[in-house]
$ cat final-v3.tsv   # TSV, C-alpha atoms
chain	number	residue	atom	x	y	z
V	1	MET	CA	6.52	-1.71	-15.62
V	2	GLN	CA	3.76	-4.19	-16.30
V	3	ARG	CA	1.29	-5.15	-13.64
V	4	THR	CA	2.30	-8.21	-11.66
V	5	PRO	CA	0.26	-9.89	-8.95
V	6	SER	CA	0.77	-8.21	-5.59
V	7	PRO	CA	3.30	-10.24	-3.55
V	8	VAL	CA	1.48	-9.18	-0.38
V	9	MET	CA	-1.81	-10.60	-1.57
V	10	ARG	CA	-0.18	-13.73	-2.97
V	11	ARG	CA	1.46	-14.41	0.40
V	12	ARG	CA	-1.90	-14.10	2.12
V	13	ARG	CA	-3.60	-16.28	-0.48
V	14	LEU	CA	-0.88	-18.91	-0.16
V	15	GLY	CA	-1.07	-18.81	3.64
V	16	LEU	CA	-4.81	-19.41	3.65
V	17	GLU	CA	-4.42	-22.39	1.30
V	18	LEU	CA	-1.59	-23.89	3.34
V	19	ARG	CA	-3.62	-23.63	6.54
V	20	ARG	CA	-6.64	-25.21	4.82
V	21	LEU	CA	-4.50	-28.08	3.55
V	22	ARG	CA	-2.91	-28.69	6.96
V	23	ILE	CA	-6.30	-28.82	8.68
V	24	ALA	CA	-7.65	-31.13	5.96
V	25	ALA	CA	-4.66	-33.42	6.56
V	26	GLY	CA	-5.48	-33.54	10.27
V	27	LEU	CA	-2.09	-32.18	11.34
V	28	THR	CA	-1.11	-29.66	13.99
V	29	GLY	CA	1.51	-27.03	13.35
V	30	ASP	CA	4.01	-28.82	15.58
V	31	GLN	CA	3.47	-32.08	13.72
V	32	VAL	CA	4.11	-30.39	10.37
V	33	VAL	CA	7.29	-28.70	11.56
V	34	GLU	CA	8.57	-32.00	12.97
V	35	GLN	CA	7.80	-34.00	9.83
V	36	VAL	CA	9.37	-31.53	7.38
V	37	GLY	CA	12.36	-31.05	9.68
V	38	TRP	CA	12.29	-27.31	10.20
V	39	ALA	CA	14.34	-25.92	13.07
V	40	ALA	CA	12.10	-22.92	13.72
V	41	LYS	CA	8.51	-23.62	14.74
V	42	SER	CA	7.54	-20.05	13.83
V	43	LYS	CA	8.26	-20.63	10.12
V	44	LEU	CA	4.96	-22.39	9.46
V	45	SER	CA	2.98	-19.82	11.44
V	46	ARG	CA	4.53	-16.97	9.48
V	47	LEU	CA	3.81	-18.71	6.18
V	48	GLU	CA	0.20	-19.44	7.09
V	49	ASN	CA	-0.31	-15.84	8.22
V	50	GLY	CA	1.24	-14.44	5.05
V	51	LYS	CA	3.98	-12.71	7.06
V	52	SER	CA	7.06	-14.03	5.29
V	53	ARG	CA	8.28	-14.38	1.74
V	54	PRO	CA	8.07	-18.10	0.92
V	55	ASP	CA	10.98	-20.23	-0.14
V	56	LEU	CA	9.83	-22.48	-2.97
V	57	ALA	CA	11.65	-25.51	-1.53
V	58	ASP	CA	9.71	-25.12	1.74
V	59	ILE	CA	6.41	-24.91	-0.13
V	60	LEU	CA	7.23	-28.04	-2.11
V	61	ASP	CA	7.98	-29.85	1.15
V	62	LEU	CA	4.58	-28.87	2.51
V	63	LEU	CA	2.76	-29.86	-0.67
V	64	ASP	CA	4.48	-33.25	-0.57
V	65	LEU	CA	3.44	-33.70	3.06
V	66	TYR	CA	-0.16	-32.73	2.29
V	67	GLN	CA	-0.12	-34.95	-0.83
V	68	VAL	CA	-1.17	-32.16	-3.17
V	69	ARG	CA	-0.93	-33.22	-6.81
V	70	GLY	CA	-1.97	-32.17	-10.30
V	71	GLU	CA	-3.47	-28.77	-11.13
V	72	SER	CA	-3.89	-27.79	-7.50
V	73	ARG	CA	-0.19	-28.26	-6.91
V	74	ASP	CA	0.74	-26.33	-10.05
V	75	GLU	CA	-1.52	-23.45	-9.03
V	76	LEU	CA	-0.04	-23.24	-5.54
V	77	VAL	CA	3.51	-23.39	-6.89
V	78	ALA	CA	2.68	-20.50	-9.23
V	79	ILE	CA	1.20	-18.52	-6.35
V	80	ALA	CA	4.31	-19.23	-4.25
V	81	ARG	CA	6.57	-17.96	-7.04
V	82	GLU	CA	4.51	-14.76	-7.33
V	83	ALA	CA	4.48	-14.35	-3.54
V	84	GLY	CA	8.26	-14.32	-3.50
V	85	ASN	CA	8.76	-12.14	-6.56
V	86	THR	CA	10.00	-8.72	-5.43
V	87	ARG	CA	12.72	-8.33	-8.06
V	88	TRP	CA	10.69	-5.74	-9.96
V	89	ILE	CA	10.55	-3.62	-6.79
V	90	ARG	CA	14.24	-3.98	-5.97
V	91	ALA	CA	15.12	-2.95	-9.51
V	92	TYR	CA	13.75	0.56	-8.98
V	93	ALA	CA	15.27	1.75	-5.73
V	94	VAL	CA	16.39	0.83	-2.24
V	95	MET	CA	13.27	0.88	-0.09
V	96	THR	CA	12.51	0.76	3.58
V	97	ALA	CA	10.25	-2.07	4.69
V	98	ARG	CA	7.29	0.32	4.94
V	99	GLN	CA	7.75	1.72	1.45
V	100	ARG	CA	8.22	-1.78	0.04
V	101	GLY	CA	4.92	-2.84	1.59
V	102	TYR	CA	3.08	-0.03	-0.17
V	103	ALA	CA	4.89	-0.70	-3.44
V	104	GLU	CA	3.85	-4.35	-3.35
V	105	LEU	CA	0.20	-3.37	-2.93
V	106	GLU	CA	0.33	-0.60	-5.55
V	107	GLY	CA	2.15	-2.62	-8.19
V	108	GLY	CA	-0.49	-5.35	-8.34
V	109	ALA	CA	-3.60	-3.20	-7.97
V	110	THR	CA	-6.09	-2.48	-10.74
V	111	ASP	CA	-7.76	0.28	-8.73
V	112	ILE	CA	-6.34	2.54	-6.01
V	113	ARG	CA	-8.45	4.97	-3.99
V	114	GLU	CA	-6.89	7.22	-1.37
V	115	TYR	CA	-8.07	9.80	1.11
V	116	ALA	CA	-5.41	12.26	2.24
V	117	ALA	CA	-6.35	13.85	5.54
V	118	ALA	CA	-3.17	15.75	6.41
V	119	THR	CA	-0.49	15.10	3.78
V	120	ILE	CA	-0.31	14.44	0.04
V	121	PRO	CA	-0.21	10.68	-0.80
V	122	GLY	CA	3.20	9.29	-1.73
V	123	LEU	CA	2.13	8.53	-5.31
V	124	LEU	CA	1.46	12.25	-5.87
V	125	GLN	CA	4.38	13.87	-4.04
V	126	THR	CA	7.11	15.96	-5.65
V	127	PRO	CA	10.70	15.16	-4.62
V	128	GLU	CA	10.87	18.38	-2.58
V	129	TYR	CA	7.63	17.65	-0.75
V	130	ALA	CA	8.65	14.02	-0.15
V	131	ARG	CA	11.93	15.19	1.41
V	132	VAL	CA	10.05	17.52	3.77
V	133	ARG	CA	7.80	14.67	4.84
V	134	ILE	CA	10.73	12.28	5.38
V	135	MET	CA	12.89	14.78	7.25
V	136	SER	CA	9.99	15.98	9.43
V	137	SER	CA	9.81	12.58	11.14
V	138	ARG	CA	13.57	12.04	11.30
V	139	PRO	CA	13.95	13.28	14.91
V	140	LEU	CA	11.50	10.60	16.05
V	141	GLN	CA	13.76	7.91	14.61
V	142	THR	CA	16.67	8.97	16.80
V	143	LEU	CA	14.83	7.97	19.96
V	144	PRO	CA	16.58	5.10	21.82
V	145	SER	CA	13.83	2.58	21.02
V	146	GLN	CA	14.09	3.39	17.32
V	147	ARG	CA	17.85	3.41	16.75
V	148	ASP	CA	18.10	-0.18	15.60
V	149	HIS	CA	15.21	0.04	13.15
V	150	ASP	CA	15.79	-0.57	9.46
V	151	GLU	CA	14.61	2.95	8.54
V	152	ASP	CA	17.61	4.55	10.25
V	153	ARG	CA	20.04	2.92	7.85
V	154	HIS	CA	18.47	4.57	4.80
V	155	ASP	CA	19.71	7.83	3.38
V	156	PRO	CA	16.91	10.40	3.03
V	157	GLN	CA	17.65	10.82	-0.67
V	158	ALA	CA	17.33	7.07	-1.18
V	159	GLU	CA	13.89	7.24	0.41
V	160	VAL	CA	12.91	10.14	-1.85
V	161	ASP	CA	14.15	8.19	-4.89
V	162	ALA	CA	12.14	5.15	-3.78
V	163	ARG	CA	8.99	7.21	-3.46
V	164	MET	CA	9.52	8.64	-6.93
V	165	ALA	CA	10.09	5.12	-8.30
V	166	ARG	CA	6.74	4.00	-6.87
V	167	GLN	CA	5.01	6.72	-8.88
V	168	SER	CA	5.98	5.07	-12.17
V	169	ILE	CA	2.92	2.80	-11.88
V	170	LEU	CA	0.68	5.76	-12.75
V	171	THR	CA	2.37	6.30	-16.12
V	172	ARG	CA	3.44	2.79	-17.08
V	173	ALA	CA	2.66	1.80	-20.66
V	174	THR	CA	0.73	-1.38	-19.84
V	175	ASP	CA	-2.35	-1.48	-17.60
V	176	PRO	CA	-1.72	1.42	-15.22
V	177	PRO	CA	-4.12	1.32	-12.28
V	178	ALA	CA	-7.19	3.53	-12.11
V	179	TYR	CA	-6.18	6.00	-9.42
V	180	GLU	CA	-8.39	8.41	-7.49
V	181	ALA	CA	-7.40	10.58	-4.54
V	182	ILE	CA	-9.52	12.79	-2.32
V	183	LEU	CA	-7.31	15.54	-0.92
V	184	ASP	CA	-8.54	17.25	2.20
V	185	GLU	CA	-7.92	21.00	2.00
V	186	ALA	CA	-5.98	20.65	5.24
V	187	ALA	CA	-3.42	18.52	3.38
V	188	LEU	CA	-2.83	21.42	1.00
V	189	ALA	CA	-2.38	24.04	3.71
V	190	GLY	CA	0.81	25.80	4.72
V	191	ARG	CA	1.44	23.66	7.80
V	192	SER	CA	2.51	20.72	5.61
V	193	ALA	CA	5.52	22.32	3.85
V	194	PRO	CA	7.30	25.61	3.17
V	195	ALA	CA	5.45	27.94	0.80
V	196	GLU	CA	7.69	27.34	-2.22
V	197	VAL	CA	7.56	23.56	-1.78
V	198	LEU	CA	3.80	23.57	-1.37
V	199	SER	CA	3.35	25.78	-4.43
V	200	GLY	CA	5.39	23.31	-6.51
V	201	GLN	CA	3.37	20.44	-5.08
V	202	ILE	CA	0.04	22.01	-6.02
V	203	HIS	CA	1.37	22.77	-9.52
V	204	HIS	CA	2.37	19.08	-9.80
V	205	LEU	CA	-1.09	17.94	-8.70
V	206	ARG	CA	-2.65	20.05	-11.41
V	207	ALA	CA	-0.40	18.35	-13.99
V	208	VAL	CA	-1.00	14.81	-12.66
V	209	ALA	CA	-4.76	15.38	-12.79
V	210	SER	CA	-4.50	15.46	-16.59
V	211	LEU	CA	-3.45	11.79	-16.77
V	212	PRO	CA	-6.30	9.66	-18.21
V	213	ASN	CA	-6.19	7.14	-15.36
V	214	VAL	CA	-5.92	9.69	-12.54
V	215	THR	CA	-8.80	11.53	-10.83
V	216	LEU	CA	-8.24	14.10	-8.10
V	217	ARG	CA	-10.87	15.65	-5.86
V	218	VAL	CA	-10.33	18.38	-3.27
V	219	LEU	CA	-12.42	18.20	-0.10
V	220	PRO	CA	-13.10	21.81	1.02
V	221	ARG	CA	-12.85	22.65	4.72
V	222	GLU	CA	-16.52	23.58	4.89
V	223	ALA	CA	-17.77	20.41	3.16
V	224	GLN	CA	-20.14	18.20	5.15
V	225	VAL	CA	-19.22	14.52	4.98
V	226	GLY	CA	-22.24	12.24	5.36
V	227	GLU	CA	-24.17	13.04	8.51
V	228	PHE	CA	-21.32	15.20	9.84
V	229	PHE	CA	-18.93	12.24	9.80
V	230	GLN	CA	-15.36	13.15	10.76
V	231	PRO	CA	-12.70	10.84	9.28
V	232	GLN	CA	-9.91	10.40	11.81
V	233	HIS	CA	-7.10	9.54	9.43
V	234	GLY	CA	-6.16	9.02	5.80
V	235	PHE	CA	-6.37	5.61	4.16
V	236	SER	CA	-5.87	3.75	0.88
V	237	ILE	CA	-8.09	1.10	-0.72
V	238	TYR	CA	-6.61	-1.38	-3.21
V	239	THR	CA	-8.56	-3.62	-5.57
V	240	PHE	CA	-6.98	-6.47	-7.55
V	241	ALA	CA	-7.75	-8.28	-10.81
V	242	ASP	CA	-7.89	-11.75	-9.26
V	243	PRO	CA	-11.23	-12.12	-7.41
V	244	GLY	CA	-9.43	-14.35	-4.94
V	245	ASP	CA	-7.36	-11.38	-3.77
V	246	LEU	CA	-9.60	-9.43	-1.40
V	247	PRO	CA	-9.85	-5.63	-1.48
V	248	THR	CA	-7.30	-4.28	0.98
V	249	VAL	CA	-7.24	-1.15	3.13
V	250	ALA	CA	-3.97	0.38	4.30
V	251	VAL	CA	-3.81	2.96	7.08
V	252	GLU	CA	-0.49	4.74	7.59
V	253	ALA	CA	0.31	5.41	11.25
V	254	LEU	CA	3.27	6.93	13.05
V	255	ALA	CA	4.94	3.78	14.35
V	256	SER	CA	3.54	1.10	12.04
V	257	ASP	CA	0.96	0.62	9.32
V	258	LEU	CA	-2.35	-1.20	9.54
V	259	THR	CA	-3.39	-3.42	6.63
V	260	LEU	CA	-6.95	-4.78	6.59
V	261	THR	CA	-8.42	-7.50	4.37
V	262	ASP	CA	-11.44	-8.28	6.54
V	263	ARG	CA	-14.52	-7.80	4.35
V	264	THR	CA	-16.46	-5.94	7.02
V	265	ALA	CA	-13.65	-3.50	7.74
V	266	ALA	CA	-12.97	-2.97	4.03
V	267	SER	CA	-16.65	-2.29	3.35
V	268	ARG	CA	-16.74	0.33	6.10
V	269	TYR	CA	-13.80	2.17	4.61
V	270	ALA	CA	-15.39	1.92	1.17
V	271	LYS	CA	-18.54	3.52	2.57
V	272	VAL	CA	-16.56	6.33	4.19
V	273	TYR	CA	-14.77	6.88	0.89
V	274	GLU	CA	-18.10	7.28	-0.89
V	275	TRP	CA	-19.21	9.86	1.69
V	276	LEU	CA	-15.96	11.76	1.15
V	277	ARG	CA	-16.28	11.49	-2.62
V	278	SER	CA	-19.82	12.88	-2.56
V	279	ALA	CA	-18.71	15.83	-0.43
V	280	ALA	CA	-15.58	16.63	-2.47
V	281	LEU	CA	-15.31	18.85	-5.54
V	282	ASP	CA	-15.68	17.15	-8.91
V	283	PRO	CA	-12.51	16.71	-11.03
V	284	VAL	CA	-13.07	19.85	-13.13
V	285	ALA	CA	-13.77	22.02	-10.08
V	286	THR	CA	-10.72	20.48	-8.41
V	287	VAL	CA	-8.40	21.55	-11.24
V	288	ASP	CA	-9.90	25.06	-11.01
V	289	TRP	CA	-9.28	25.03	-7.24
V	290	LEU	CA	-5.65	23.96	-7.74
V	291	SER	CA	-5.14	26.63	-10.40
V	292	ARG	CA	-6.43	29.35	-8.07
V	293	HIS	CA	-4.26	28.19	-5.16
V	294	VAL	CA	-0.99	27.41	-6.96
V	295	ASN	CA	0.20	31.00	-6.62
V	296	ALA	CA	-1.59	31.75	-3.36
V	297	THR	CA	0.91	29.59	-1.48
V	298	ARG	CA	3.91	31.62	-2.63

$ encode --input "final-v3.tsv" --output "structure tokens"
Amino acid sequence: MQRTPSPVMRRRRLGLELRRLRIAAGLTGDQVVEQVGWAAKSKLSRLENGKSRPDLADILDLLDLYQVRGESRDELVAIAREAGNTRWIRAYAVMTARQRGYAELEGGATDIREYAAATIPGLLQTPEYARVRIMSSRPLQTLPSQRDHDEDRHDPQAEVDARMARQSILTRATDPPAYEAILDEAALAGRSAPAEVLSGQIHHLRAVASLPNVTLRVLPREAQVGEFFQPQHGFSIYTFADPGDLPTVAVEALASDLTLTDRTAASRYAKVYEWLRSAALDPVATVDWLSRHVNATR
């Protein structure tokens, strides 16, 4: 799988440009919707906020209305095509909306940095560990307010397969991302999985650490982070080749995920990551740590 621009970032980039063009044309959202003849007023808002996959015909209508011509038009059409391109994701596995969101960020990133506070990141999980993680939250999805959610219609094995498919970016032949993960020792403890599953997971981490584009660092329990800073959750930081695509932070939560592109917020997470990185074991010491603990979990 070759790197393609992240559809998530392309949708945001397109949305910002569309909003800029509308304001420059002196039009309100209602005026645009009326002039292009859309039935739903929310369509423009979702496009401008990067919340929906664009239909090329709709984008062409907007560019005609805003009188965008020449190279600017060609560039925006190309961005719109990339924003709607998720065929490479669908070709690998059936994914829930949440997994697809992560896959779209991962697939277009040149650099991925993750801090795992309580569980192993999805890109590093074994099938057995992934199944434990998926099944552990299954009872929460049977609550009345959750029964109609998309996640309930997915077979657990399909979700495991999707997570394994996402991992192919780390070993793809062309331009795999530079990947670094800081694994809190708590994420490698017995509370996260049965002993045999956890032992296999640690053995897998030791093997993945040998990939040239992968760096793993274990954060010991006793390590001091910054001036006794206590990170409250895990997070992922994605960097992209196009300087117009801002660094993005993703925070996985129980009910929904938080995705941040605000420069101030992203810089804060980057600073926290550097504190964590300084406190963690170096890559060689991490492999030694994993080697010592691979059998201790049995």

$ closest_residue --input "final-v3.tsv" --among "V:Asp155, V:Val287, V:Gly190, V:Leu258" --to "V:Val208" --atoms "all atoms listed in the file"
V:Val287

$ closest_residue --input "final-v3.tsv" --among "V:Ala265, V:Ala285, V:Val214, V:Ala186" --to "V:Asp111" --atoms "only C-alpha atoms"
V:Val214

$ atom_distance --input "final-v3.tsv" --atom1 "atom CA of V:Ile79" --atom2 "atom CA of V:Arg13"
7.9 Å

$ residues_around --input "final-v3.tsv" --residues "stretch 10-12 of chain V" --least-positions-apart "2" --cutoff "9 Å" --atoms "only C-alpha atoms" --output "mmCIF file with C-alpha atoms, in the coordinates of the input"
data_model
loop_
_atom_site.group_PDB
_atom_site.id
_atom_site.type_symbol
_atom_site.label_atom_id
_atom_site.label_comp_id
_atom_site.auth_asym_id
_atom_site.auth_seq_id
_atom_site.Cartn_x
_atom_site.Cartn_y
_atom_site.Cartn_z
ATOM 1 C CA PRO V 5 0.260 -9.890 -8.950
ATOM 2 C CA SER V 6 0.770 -8.210 -5.590
ATOM 3 C CA PRO V 7 3.300 -10.240 -3.550
ATOM 4 C CA VAL V 8 1.480 -9.180 -0.380
ATOM 5 C CA LEU V 14 -0.880 -18.910 -0.160
ATOM 6 C CA GLY V 15 -1.070 -18.810 3.640
ATOM 7 C CA LEU V 16 -4.810 -19.410 3.650
ATOM 8 C CA GLU V 17 -4.420 -22.390 1.300
ATOM 9 C CA LEU V 47 3.810 -18.710 6.180
ATOM 10 C CA GLU V 48 0.200 -19.440 7.090
ATOM 11 C CA ASN V 49 -0.310 -15.840 8.220
ATOM 12 C CA GLY V 50 1.240 -14.440 5.050
ATOM 13 C CA LYS V 51 3.980 -12.710 7.060
ATOM 14 C CA SER V 52 7.060 -14.030 5.290
ATOM 15 C CA ARG V 53 8.280 -14.380 1.740
ATOM 16 C CA PRO V 54 8.070 -18.100 0.920
ATOM 17 C CA ILE V 79 1.200 -18.520 -6.350
ATOM 18 C CA ALA V 80 4.310 -19.230 -4.250
ATOM 19 C CA ARG V 81 6.570 -17.960 -7.040
ATOM 20 C CA GLU V 82 4.510 -14.760 -7.330
ATOM 21 C CA ALA V 83 4.480 -14.350 -3.540
ATOM 22 C CA GLY V 84 8.260 -14.320 -3.500
ATOM 23 C CA ASP V 245 -7.360 -11.380 -3.770
#

$ closest_residue --input "final-v3.tsv" --among "V:Ala189, V:Ile59, V:Met95, V:Ala109" --to "V:Asp175" --atoms "all atoms listed in the file"
V:Ala109

$ residues_near_point --input "final-v3.tsv" --point "(-6.1, 20.9, 7.8)" --cutoff "12 Å" --atoms "only C-alpha atoms" --output "PyMOL selection string"
chain V and resi 116-120+183-192+219-222+232-233
